[in-house]
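Structure file entry23.json with JSON, C-alpha atoms:
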[["chain", "number", "residue", "atom", "x", "y", "z"],
["A", 7, "ARG", "CA", -1.18, -13.88, 21.34],
["A", 8, "ASP", "CA", -4.24, -15.48, 19.73],
["A", 9, "VAL", "CA", -5.55, -14.12, 16.44],
["A", 10, "GLU", "CA", -8.65, -12.02, 16.96],
["A", 11, "ARG", "CA", -11.03, -10.22, 14.66],
["A", 12, "SER", "CA", -10.10, -6.66, 13.83],
["A", 13, "ARG", "CA", -12.16, -4.07, 15.62],
["A", 14, "GLY", "CA", -13.63, -1.13, 13.72],
["A", 15, "LEU", "CA", -12.24, -1.96, 10.27],
["A", 16, "GLY", "CA", -14.26, -4.78, 8.78],
["A", 17, "ASP", "CA", -17.50, -3.24, 10.00],
["A", 18, "VAL", "CA", -16.97, -0.47, 7.48],
["A", 19, "TYR", "CA", -15.23, -2.31, 4.64],
["A", 20, "LYS", "CA", -14.31, -5.98, 4.31],
["A", 21, "ARG", "CA", -12.17, -6.05, 1.14],
["A", 22, "GLN", "CA", -8.96, -4.15, 1.77],
["A", 23, "ALA", "CA", -6.14, -3.50, -0.71],
["A", 24, "GLY", "CA", -3.93, -0.86, 0.87],
["A", 25, "ILE", "CA", -2.79, 0.50, 4.23],
["A", 26, "ALA", "CA", -0.93, 3.60, 5.46],
["A", 27, "TRP", "CA", -0.35, 5.69, 8.60],
["A", 28, "ASN", "CA", 0.18, 9.40, 8.99],
["A", 29, "ASN", "CA", 3.66, 10.39, 10.13],
["A", 30, "VAL", "CA", 3.05, 9.94, 13.87],
["A", 31, "GLY", "CA", 0.68, 6.97, 13.75],
["A", 32, "SER", "CA", -2.35, 8.86, 15.04],
["A", 33, "LYS", "CA", -4.30, 8.15, 11.84],
["A", 34, "LEU", "CA", -4.74, 4.91, 9.93],
["A", 35, "PHE", "CA", -5.82, 4.78, 6.29],
["A", 36, "VAL", "CA", -7.17, 1.72, 4.49],
["A", 37, "MET", "CA", -8.21, 1.32, 0.88],
["A", 38, "GLY", "CA", -11.53, -0.40, 0.34],
["A", 39, "THR", "CA", -11.72, -1.92, -3.11],
["A", 40, "GLY", "CA", -14.68, -3.52, -4.79],
["A", 41, "GLY", "CA", -12.33, -5.85, -6.62],
["A", 42, "LEU", "CA", -14.24, -7.46, -9.45],
["A", 43, "ASN", "CA", -17.53, -7.76, -7.59],
["A", 44, "ASN", "CA", -18.78, -4.20, -7.07],
["A", 45, "ASP", "CA", -17.85, -0.57, -7.54],
["A", 46, "ASP", "CA", -17.72, 0.63, -3.94],
["A", 47, "ASP", "CA", -14.12, 1.88, -4.01],
["A", 48, "GLU", "CA", -12.81, 4.41, -1.49],
["A", 49, "LEU", "CA", -10.11, 5.47, 0.92],
["A", 50, "LEU", "CA", -11.08, 5.11, 4.58],
["A", 51, "GLU", "CA", -9.73, 7.31, 7.37],
["A", 52, "TYR", "CA", -9.49, 6.28, 11.04],
["A", 53, "THR", "CA", -8.31, 8.24, 14.06],
["A", 54, "CYS", "CA", -6.33, 6.32, 16.69],
["A", 55, "LEU", "CA", -6.26, 6.91, 20.44],
["A", 56, "THR", "CA", -2.81, 5.30, 20.68],
["A", 57, "ASN", "CA", -0.21, 5.86, 17.98],
["A", 58, "PHE", "CA", 0.35, 2.87, 15.70],
["A", 59, "ASP", "CA", -2.23, 0.82, 17.61],
["A", 60, "ALA", "CA", -4.88, -0.25, 15.12],
["A", 61, "SER", "CA", -7.05, -1.68, 17.89],
["A", 62, "SER", "CA", -7.59, 1.89, 19.13],
["A", 63, "CYS", "CA", -8.61, 3.30, 15.75],
["A", 64, "VAL", "CA", -12.12, 4.56, 15.02],
["A", 65, "TYR", "CA", -13.65, 5.20, 11.60],
["A", 66, "VAL", "CA", -13.95, 8.89, 10.67],
["A", 67, "ARG", "CA", -14.69, 9.34, 6.98],
["A", 68, "GLU", "CA", -14.10, 8.09, 3.46],
["A", 69, "LEU", "CA", -12.99, 9.55, 0.13],
["A", 70, "PRO", "CA", -14.84, 8.02, -2.86],
["A", 71, "LEU", "CA", -12.69, 6.99, -5.82],
["A", 72, "ASN", "CA", -15.37, 6.58, -8.49],
["A", 73, "ASN", "CA", -18.81, 7.89, -9.44],
["A", 74, "LEU", "CA", -20.68, 4.60, -9.26],
["A", 75, "HIS", "CA", -21.67, 4.58, -5.59],
["A", 76, "GLU", "CA", -24.13, 6.43, -3.40],
["A", 77, "GLY", "CA", -23.26, 9.92, -2.20],
["A", 78, "PRO", "CA", -21.02, 12.64, -3.67],
["A", 79, "ASN", "CA", -18.37, 11.89, -6.26],
["A", 80, "GLY", "CA", -14.71, 11.83, -5.36],
["A", 81, "PRO", "CA", -11.65, 13.38, -7.02],
["A", 82, "ILE", "CA", -11.17, 10.53, -9.55],
["A", 83, "ASN", "CA", -13.45, 8.14, -11.40],
["A", 84, "ASP", "CA", -11.68, 4.79, -11.48],
["A", 85, "ARG", "CA", -12.70, 1.29, -10.45],
["A", 86, "HIS", "CA", -10.91, -1.35, -8.42],
["A", 87, "PRO", "CA", -7.96, 0.64, -7.01],
["A", 88, "PHE", "CA", -5.23, -1.56, -5.58],
["A", 89, "GLY", "CA", -2.71, 0.81, -3.99],
["A", 90, "PHE", "CA", -2.12, 4.23, -2.45],
["A", 91, "THR", "CA", 0.47, 6.28, -0.58],
["A", 92, "PHE", "CA", 1.02, 9.81, 0.74],
["A", 93, "ASP", "CA", 3.78, 12.36, 0.23],
["A", 94, "ASP", "CA", 5.99, 13.31, 3.16],
["A", 95, "ASP", "CA", 3.69, 15.95, 4.67],
["A", 96, "GLY", "CA", 0.33, 14.37, 3.86],
["A", 97, "SER", "CA", -0.79, 17.14, 1.53],
["A", 98, "HIS", "CA", -1.13, 14.74, -1.41],
["A", 99, "VAL", "CA", -2.34, 11.16, -1.74],
["A", 100, "TYR", "CA", -1.52, 8.94, -4.72],
["A", 101, "VAL", "CA", -3.83, 6.17, -5.96],
["A", 102, "SER", "CA", -3.20, 3.39, -8.48],
["A", 103, "GLY", "CA", -6.37, 2.83, -10.50],
["A", 104, "ASN", "CA", -6.92, -0.56, -12.08],
["A", 105, "GLN", "CA", -9.68, 0.31, -14.55],
["A", 106, "THR", "CA", -7.70, 2.86, -16.55],
["A", 107, "ASN", "CA", -4.20, 1.78, -15.47],
["A", 108, "LYS", "CA", -3.29, 5.19, -14.10],
["A", 109, "ILE", "CA", -1.56, 6.54, -11.03],
["A", 110, "TYR", "CA", -3.31, 9.65, -9.74],
["A", 111, "GLU", "CA", -1.96, 12.53, -7.67],
["A", 112, "ILE", "CA", -4.68, 14.01, -5.46],
["A", 113, "GLU", "CA", -4.23, 17.23, -3.50],
["A", 114, "LEU", "CA", -5.95, 17.18, -0.11],
["A", 115, "GLY", "CA", -7.57, 20.20, 1.52],
["A", 116, "SER", "CA", -5.74, 19.47, 4.79],
["A", 117, "ALA", "CA", -2.82, 17.19, 5.54],
["A", 118, "PHE", "CA", -3.79, 13.54, 6.09],
["A", 119, "ASP", "CA", -7.46, 14.56, 5.98],
["A", 120, "LEU", "CA", -9.82, 12.89, 3.48],
["A", 121, "SER", "CA", -12.55, 15.53, 3.84],
["A", 122, "SER", "CA", -11.77, 16.83, 0.36],
["A", 123, "GLY", "CA", -9.42, 16.14, -2.50],
["A", 124, "THR", "CA", -8.71, 17.35, -6.04],
["A", 125, "LYS", "CA", -6.96, 15.40, -8.78],
["A", 126, "ILE", "CA", -4.07, 17.43, -10.17],
["A", 127, "GLN", "CA", -1.98, 14.91, -12.16],
["A", 128, "GLN", "CA", -2.01, 11.39, -13.53],
["A", 129, "ILE", "CA", 0.47, 9.09, -15.29],
["A", 130, "ASP", "CA", 0.22, 5.77, -17.09],
["A", 131, "SER", "CA", 1.01, 2.87, -14.81],
["A", 132, "VAL", "CA", 3.08, 0.83, -17.35],
["A", 133, "ASP", "CA", 1.80, -2.42, -15.81],
["A", 134, "VAL", "CA", -1.81, -3.27, -16.68],
["A", 135, "THR", "CA", -2.61, -4.23, -13.08],
["A", 136, "PRO", "CA", -1.00, -1.52, -10.95],
["A", 137, "CYS", "CA", -0.98, -2.31, -7.24],
["A", 138, "GLY", "CA", 0.99, -0.92, -4.28],
["A", 139, "ILE", "CA", 3.01, 2.29, -4.63],
["A", 140, "THR", "CA", 5.59, 4.07, -2.46],
["A", 141, "PHE", "CA", 8.26, 6.79, -2.65],
["A", 142, "ASN", "CA", 11.86, 6.93, -1.56],
["A", 143, "ASN", "CA", 12.60, 9.24, 1.37],
["A", 144, "ASP", "CA", 12.99, 12.47, -0.59],
["A", 145, "GLY", "CA", 10.23, 11.85, -3.13],
["A", 146, "THR", "CA", 12.51, 11.68, -6.16],
["A", 147, "LYS", "CA", 11.53, 8.10, -7.01],
["A", 148, "LEU", "CA", 8.13, 6.44, -7.27],
["A", 149, "PHE", "CA", 7.92, 2.64, -7.01],
["A", 150, "LEU", "CA", 5.04, 0.46, -8.24],
["A", 151, "ALA", "CA", 4.29, -3.22, -7.66],
["A", 152, "GLY", "CA", 3.30, -4.42, -11.13],
["A", 153, "PHE", "CA", 1.05, -7.42, -10.56],
["A", 154, "ASN", "CA", 0.52, -8.49, -14.15],
["A", 155, "GLY", "CA", 4.14, -8.25, -15.31],
["A", 156, "HIS", "CA", 5.76, -9.65, -12.13],
["A", 157, "LYS", "CA", 7.87, -6.51, -11.88],
["A", 158, "ILE", "CA", 8.71, -3.39, -9.94],
["A", 159, "VAL", "CA", 8.40, -0.17, -11.94],
["A", 160, "VAL", "CA", 10.45, 2.87, -10.88],
["A", 161, "TRP", "CA", 9.96, 6.44, -12.10],
["A", 162, "PRO", "CA", 12.55, 9.18, -11.43],
["A", 163, "LEU", "CA", 10.94, 12.48, -10.41],
["A", 164, "SER", "CA", 12.84, 15.72, -11.00],
["A", 165, "THR", "CA", 10.41, 17.56, -8.70],
["A", 166, "ALA", "CA", 9.85, 15.69, -5.44],
["A", 167, "TYR", "CA", 6.48, 13.95, -5.19],
["A", 168, "SER", "CA", 5.22, 15.58, -8.40],
["A", 169, "LEU", "CA", 3.61, 13.55, -11.19],
["A", 170, "ALA", "CA", 3.57, 16.53, -13.55],
["A", 171, "SER", "CA", 4.70, 15.67, -17.07],
["A", 172, "GLY", "CA", 7.86, 17.77, -16.75],
["A", 173, "SER", "CA", 8.82, 15.96, -13.53],
["A", 174, "VAL", "CA", 8.29, 12.30, -14.45],
["A", 175, "GLY", "CA", 11.20, 10.59, -16.16],
["A", 176, "THR", "CA", 11.42, 7.35, -18.14],
["A", 177, "PRO", "CA", 10.37, 4.37, -16.00],
["A", 178, "ALA", "CA", 12.68, 1.43, -15.36],
["A", 179, "GLU", "CA", 11.32, -2.10, -14.88],
["A", 180, "TYR", "CA", 12.79, -4.85, -12.68],
["A", 181, "ASP", "CA", 11.69, -8.47, -12.87],
["A", 182, "VAL", "CA", 10.92, -10.12, -9.52],
["A", 183, "SER", "CA", 9.06, -13.16, -10.81],
["A", 184, "THR", "CA", 11.46, -15.74, -9.37],
["A", 185, "GLN", "CA", 10.76, -14.94, -5.72],
["A", 186, "SER", "CA", 7.83, -12.49, -5.83],
["A", 187, "SER", "CA", 5.43, -13.43, -8.60],
["A", 188, "ARG", "CA", 2.30, -11.28, -8.87],
["A", 189, "PRO", "CA", 3.60, -8.52, -6.57],
["A", 190, "ARG", "CA", 0.82, -6.67, -4.77],
["A", 191, "ASP", "CA", 2.73, -4.19, -2.64],
["A", 192, "ILE", "CA", 6.22, -2.79, -2.12],
["A", 193, "ASP", "CA", 7.79, -1.07, 0.87],
["A", 194, "PHE", "CA", 11.26, -0.24, 2.18],
["A", 195, "ASN", "CA", 12.96, 0.09, 5.53],
["A", 196, "SER", "CA", 13.78, 3.62, 6.67],
["A", 197, "ASP", "CA", 17.17, 3.87, 4.96],
["A", 198, "GLY", "CA", 16.18, 2.11, 1.73],
["A", 199, "THR", "CA", 18.60, -0.79, 2.10],
["A", 200, "LYS", "CA", 15.85, -3.42, 2.51],
["A", 201, "MET", "CA", 12.90, -3.93, 0.16],
["A", 202, "TYR", "CA", 9.72, -5.84, 1.02],
["A", 203, "ILE", "CA", 7.35, -7.23, -1.62],
["A", 204, "VAL", "CA", 3.95, -8.83, -0.97],
["A", 205, "SER", "CA", 3.28, -11.69, -3.40],
["A", 206, "ALA", "CA", 0.10, -13.44, -4.50],
["A", 207, "ASP", "CA", -1.12, -16.49, -6.41],
["A", 208, "ASP", "CA", 0.63, -19.59, -5.01],
["A", 209, "ASN", "CA", 3.29, -17.44, -3.30],
["A", 210, "GLU", "CA", 1.35, -15.74, -0.54],
["A", 211, "TYR", "CA", 4.17, -14.24, 1.48],
["A", 212, "VAL", "CA", 6.28, -11.16, 2.09],
["A", 213, "SER", "CA", 9.72, -11.35, 0.46],
["A", 214, "VAL", "CA", 12.71, -9.48, 1.85],
["A", 215, "TYR", "CA", 15.51, -8.15, -0.37],
["A", 216, "SER", "CA", 18.81, -6.41, 0.32],
["A", 217, "LEU", "CA", 19.74, -3.47, -1.94],
["A", 218, "ASN", "CA", 23.37, -2.71, -2.78],
["A", 219, "THR", "CA", 22.55, 1.01, -2.87],
["A", 220, "ALA", "CA", 19.69, 2.62, -0.98],
["A", 221, "PHE", "CA", 16.48, 2.87, -3.00],
["A", 222, "ASP", "CA", 18.42, 1.98, -6.18],
["A", 223, "LEU", "CA", 17.33, -1.27, -7.83],
["A", 224, "SER", "CA", 19.64, -0.63, -10.78],
["A", 225, "ALA", "CA", 22.67, -1.18, -8.51],
["A", 226, "GLY", "CA", 21.48, -4.70, -7.73],
["A", 227, "PHE", "CA", 19.37, -6.42, -5.10],
["A", 228, "SER", "CA", 19.37, -9.90, -3.60],
["A", 229, "HIS", "CA", 16.68, -12.06, -2.03],
["A", 230, "LEU", "CA", 17.14, -12.73, 1.71],
["A", 231, "GLY", "CA", 14.08, -14.78, 2.58],
["A", 232, "ASN", "CA", 10.30, -14.85, 2.95],
["A", 233, "PHE", "CA", 7.75, -14.38, 5.70],
["A", 234, "THR", "CA", 5.62, -17.37, 4.73],
["A", 235, "THR", "CA", 3.43, -17.40, 7.83],
["A", 236, "VAL", "CA", 1.50, -14.27, 6.86],
["A", 237, "SER", "CA", -0.77, -16.42, 4.69],
["A", 238, "ASP", "CA", -1.91, -18.26, 7.82],
["A", 239, "GLN", "CA", -3.72, -15.06, 8.76],
["A", 240, "ASP", "CA", -4.97, -14.05, 5.31],
["A", 241, "GLU", "CA", -4.73, -16.34, 2.30],
["A", 242, "GLU", "CA", -4.38, -13.30, 0.06],
["A", 243, "PRO", "CA", -2.08, -10.80, 1.81],
["A", 244, "PHE", "CA", -2.18, -7.51, -0.05],
["A", 245, "SER", "CA", -0.42, -4.59, 1.63],
["A", 246, "ILE", "CA", 2.06, -3.81, 4.38],
["A", 247, "GLU", "CA", 3.20, -0.65, 6.18],
["A", 248, "PHE", "CA", 5.84, -0.22, 8.89],
["A", 249, "ASN", "CA", 5.77, 1.75, 12.10],
["A", 250, "ASN", "CA", 8.39, 4.48, 12.47],
["A", 251, "ASP", "CA", 11.10, 2.40, 14.13],
["A", 252, "GLY", "CA", 10.68, -0.60, 11.84],
["A", 253, "THR", "CA", 9.96, -3.07, 14.64],
["A", 254, "LYS", "CA", 6.48, -3.90, 13.34],
["A", 255, "PHE", "CA", 4.68, -3.98, 10.06],
["A", 256, "TYR", "CA", 0.95, -3.94, 9.54],
["A", 257, "MET", "CA", -0.67, -6.16, 6.94],
["A", 258, "ASN", "CA", -4.12, -6.41, 5.45],
["A", 259, "GLY", "CA", -5.51, -8.69, 2.79],
["A", 260, "TYR", "CA", -8.31, -9.65, 0.47],
["A", 261, "GLN", "CA", -9.88, -12.47, 2.46],
["A", 262, "THR", "CA", -10.35, -11.11, 5.97],
["A", 263, "ASP", "CA", -11.55, -7.88, 7.54],
["A", 264, "SER", "CA", -8.48, -7.53, 9.76],
["A", 265, "VAL", "CA", -5.29, -5.57, 10.02],
["A", 266, "TYR", "CA", -2.49, -7.80, 11.36],
["A", 267, "VAL", "CA", 0.56, -6.67, 13.29],
["A", 268, "VAL", "CA", 3.83, -8.45, 12.54],
["A", 269, "SER", "CA", 6.67, -8.05, 15.05],
["A", 270, "TYR", "CA", 9.83, -8.00, 12.97],
["A", 271, "THR", "CA", 13.48, -8.54, 13.88],
["A", 272, "HIS", "CA", 15.79, -8.97, 10.89],
["A", 273, "LEU", "CA", 15.02, -12.40, 9.38],
["A", 274, "THR", "CA", 13.77, -14.17, 12.45],
["A", 275, "LEU", "CA", 10.31, -15.61, 12.14],
["A", 276, "PRO", "CA", 7.75, -12.85, 12.78],
["A", 277, "THR", "CA", 5.19, -12.88, 15.55],
["A", 278, "ILE", "CA", 1.79, -12.28, 14.03],
["A", 279, "TYR", "CA", -1.38, -11.17, 15.72],
["A", 280, "SER", "CA", -4.44, -9.22, 14.68],
["A", 281, "VAL", "CA", -5.70, -6.06, 16.29]]
Take the structure in the file and write it out as structure tokens.
Amino acid sequence: RDVERSRGLGDVYKRQAGIAWNNVGSKLFVMGTGGLNNDDDELLEYTCLTNFDASSCVYVRELPLNNLHEGPNGPINDRHPFGFTFDDDGSHVYVSGNQTNKIYEIELGSAFDLSSGTKIQQIDSVDVTPCGITFNNDGTKLFLAGFNGHKIVVWPLSTAYSLASGSVGTPAEYDVSTQSSRPRDIDFNSDGTKMYIVSADDNEYVSVYSLNTAFDLSAGFSHLGNFTTVSDQDEEPFSIEFNNDGTKFYMNGYQTDSVYVVSYTHLTLPTIYSV
């Protein structure tokens, strides 16, 4: 169908750099980032009347991510965040902060609820421009899209979803510059055999990779193709997130105030429309 302006999202925040759903798709979360122009950085929470239907989502609240804006301070004080994700039950949210090059673990008062949060851990991001982050299915690996170094950084975690110093192992780095320069986000299919990377700067597309072993980049991965048409909707695509059955992914970007829905079937050309 025709591309239409997103309803309910851009009215609150126009520069988006992250997207996530709760487990059932009844809540949508978007990261508003000031980028390099201002300091109004926060996580935004929406409730949705229809699961995984962004057009039905209504703004509820926000969680500030620095102390340079109006209102109460949030759990961290970092500028220009470019990525976030949740653990499996929504009790913790993780934010990549660009000012101090950290990844923060924030404990929420209630699952998938941004009413309150407390920072409990942080780690160095390795890459000096940390962007999108995600976990494998059991929370024993954390993946980062390293924008500056054209790489994916992977940390092993001995305690699932914990960024405590005793849990975080030595990070491994994987170069993706040939097909996915300046990676902004990373995601996987449900069984970890496909990897998706959002690229920027002259390569504004979503790249698809096949992994030889689920969620294991060290065992090898190969490039399958690119969704090049996503840049027709936003010239700077930033983040993607799948629905539960993997038939659609949702994309937002730096240039528009929309969340786009991409109907996905293997490597056929996607159908793109905004909601």
Could you list, as a tab-separated table (two decimals) with C-alpha atoms, in the coordinates of the input, every residue within 8 Å of Gly231 of chain A, counting only C-alpha atoms and ignoring same-chain residues fewer than 2 positions away?
chain	number	residue	atom	x	y	z
A	213	SER	CA	9.72	-11.35	0.46
A	214	VAL	CA	12.71	-9.48	1.85
A	215	TYR	CA	15.51	-8.15	-0.37
A	229	HIS	CA	16.68	-12.06	-2.03
A	233	PHE	CA	7.75	-14.38	5.70
A	273	LEU	CA	15.02	-12.40	9.38
Shell around Ser205 of chain A at 12 Å using only C-alpha atoms, local window under 5 positions removed, as an mmCIF file with C-alpha atoms, in the frame of the given file:
data_model
loop_
_atom_site.group_PDB
_atom_site.id
_atom_site.type_symbol
_atom_site.label_atom_id
_atom_site.label_comp_id
_atom_site.auth_asym_id
_atom_site.auth_seq_id
_atom_site.Cartn_x
_atom_site.Cartn_y
_atom_site.Cartn_z
ATOM 1 C CA CYS A 137 -0.980 -2.310 -7.240
ATOM 2 C CA GLY A 138 0.990 -0.920 -4.280
ATOM 3 C CA ALA A 151 4.290 -3.220 -7.660
ATOM 4 C CA GLY A 152 3.300 -4.420 -11.130
ATOM 5 C CA PHE A 153 1.050 -7.420 -10.560
ATOM 6 C CA ASN A 154 0.520 -8.490 -14.150
ATOM 7 C CA HIS A 156 5.760 -9.650 -12.130
ATOM 8 C CA LYS A 157 7.870 -6.510 -11.880
ATOM 9 C CA ILE A 158 8.710 -3.390 -9.940
ATOM 10 C CA VAL A 182 10.920 -10.120 -9.520
ATOM 11 C CA SER A 183 9.060 -13.160 -10.810
ATOM 12 C CA THR A 184 11.460 -15.740 -9.370
ATOM 13 C CA GLN A 185 10.760 -14.940 -5.720
ATOM 14 C CA SER A 186 7.830 -12.490 -5.830
ATOM 15 C CA SER A 187 5.430 -13.430 -8.600
ATOM 16 C CA ARG A 188 2.300 -11.280 -8.870
ATOM 17 C CA PRO A 189 3.600 -8.520 -6.570
ATOM 18 C CA ARG A 190 0.820 -6.670 -4.770
ATOM 19 C CA ASP A 191 2.730 -4.190 -2.640
ATOM 20 C CA ILE A 192 6.220 -2.790 -2.120
ATOM 21 C CA GLU A 210 1.350 -15.740 -0.540
ATOM 22 C CA TYR A 211 4.170 -14.240 1.480
ATOM 23 C CA VAL A 212 6.280 -11.160 2.090
ATOM 24 C CA SER A 213 9.720 -11.350 0.460
ATOM 25 C CA VAL A 214 12.710 -9.480 1.850
ATOM 26 C CA ASN A 232 10.300 -14.850 2.950
ATOM 27 C CA PHE A 233 7.750 -14.380 5.700
ATOM 28 C CA THR A 234 5.620 -17.370 4.730
ATOM 29 C CA VAL A 236 1.500 -14.270 6.860
ATOM 30 C CA SER A 237 -0.770 -16.420 4.690
ATOM 31 C CA GLU A 241 -4.730 -16.340 2.300
ATOM 32 C CA GLU A 242 -4.380 -13.300 0.060
ATOM 33 C CA PRO A 243 -2.080 -10.800 1.810
ATOM 34 C CA PHE A 244 -2.180 -7.510 -0.050
ATOM 35 C CA SER A 245 -0.420 -4.590 1.630
ATOM 36 C CA ILE A 246 2.060 -3.810 4.380
ATOM 37 C CA GLY A 259 -5.510 -8.690 2.790
#
Exercise for the section: Counting only C-alpha atoms, figure out which residue out of A:Phe118, A:Tyr167, A:Phe90, A:Tyr266 gets nearest to Phe248 of chain A. Expected result: A:Tyr266
Problem - Residue nearest Val66 of chain A - candidates A:Thr262, A:Thr219, A:Thr53, A:Ser97, atoms counted: only C-alpha atoms - result: A:Thr53
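Of the listed residues A:Val267, A:Leu163, A:Ala117, A:Leu230, the one whose atoms come nearest to Asn29 of chain A is A:Ala117, with distances taken using all atoms listed in the file.
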Using all atoms listed in the file, I'd like a table of the residues in segment 36-92 of chain A that come within 10 Å of segment 102-106 of chain A; for each, show the closest atom pair and its distance in Å rounded to one decimal, ordered by chain and ascending number, as a tab-separated table.
residue	atom	partner	partner_atom	distance
A:Gly41	CA	A:Asn104	CA	9.3
A:Leu71	CA	A:Gly103	CA	8.9
A:Asn72	CA	A:Gly103	CA	10.0
A:Ile82	CA	A:Gly103	CA	9.1
A:Asn83	CA	A:Gly103	CA	8.9
A:Asp84	CA	A:Gly103	CA	5.7
A:Arg85	CA	A:Gln105	CA	5.2
A:His86	CA	A:Asn104	CA	5.5
A:Pro87	CA	A:Gly103	CA	4.4
A:Phe88	CA	A:Ser102	CA	6.1
A:Gly89	CA	A:Ser102	CA	5.2
A:Phe90	CA	A:Ser102	CA	6.2
A:Thr91	CA	A:Ser102	CA	9.2
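Every protein or nucleic acid residue with an atom no more than 6 Å from Gly198 of chain A, counting all atoms listed in the file and leaving out same-chain residues fewer than 2 positions away, appears here: Phe194, Asn195, Ser196, Lys200, Ala220 and Phe221 of chain A.
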Exercise for the section: Do a neighbour search on Ala166 of chain A at 12 Å with only C-alpha atoms, toss out local chain neighbours closer than 5 positions, and write the hits as a PyMOL selection string. Expected result: chain A and resi 93-95+98+141-148+161+172-175
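Distances to Ala178 of chain A were evaluated for A:Ile203, A:Asn107, A:Asn79, A:Leu150 using only C-alpha atoms, and the minimum falls at A:Leu150.
Here atom CA of Ile126 of chain A stands at a distance of 6.7 Å from atom CA of Glu113 of chain A.
In terms of minimum interatomic distance to Tyr100 of chain A, A:Thr140 ranks closest within A:Thr135, A:Ser122, A:Thr140, A:Thr176, counting all atoms listed in the file.
For Asn250 of chain A, the residues within 12 Å (counting all atoms listed in the file, excluding itself and residues fewer than 4 positions away along the chain) are Ala26, Trp27, Asn28, Asn29, Val30, Gly31, Ser32, Asn57, Phe58, Phe194, Asn195, Ser196, Asp197, Lys254, Phe255 and Tyr256 of chain A.
Closest to Val134 of chain A among A:Ile109, A:Cys54, A:Val101, A:Val36 is A:Ile109, based on only C-alpha atoms.
In this model, the gap between atom CA of Asp181 of chain A and atom CA of Asp130 of chain A comes to 18.8 Å.
Across the structure, atom CA of Leu50 of chain A and atom CA of Val160 of chain A are spaced 26.6 Å apart.
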Exercise for the section: May I have the protein, DNA and RNA residues with an atom at most 9 Å from (2.5, 8.1, -17.0), counting only C-alpha atoms in the file's coordinates, returned as a PyMOL selection string? Expected result: chain A and resi 108-109+128-132+169+171+174+177
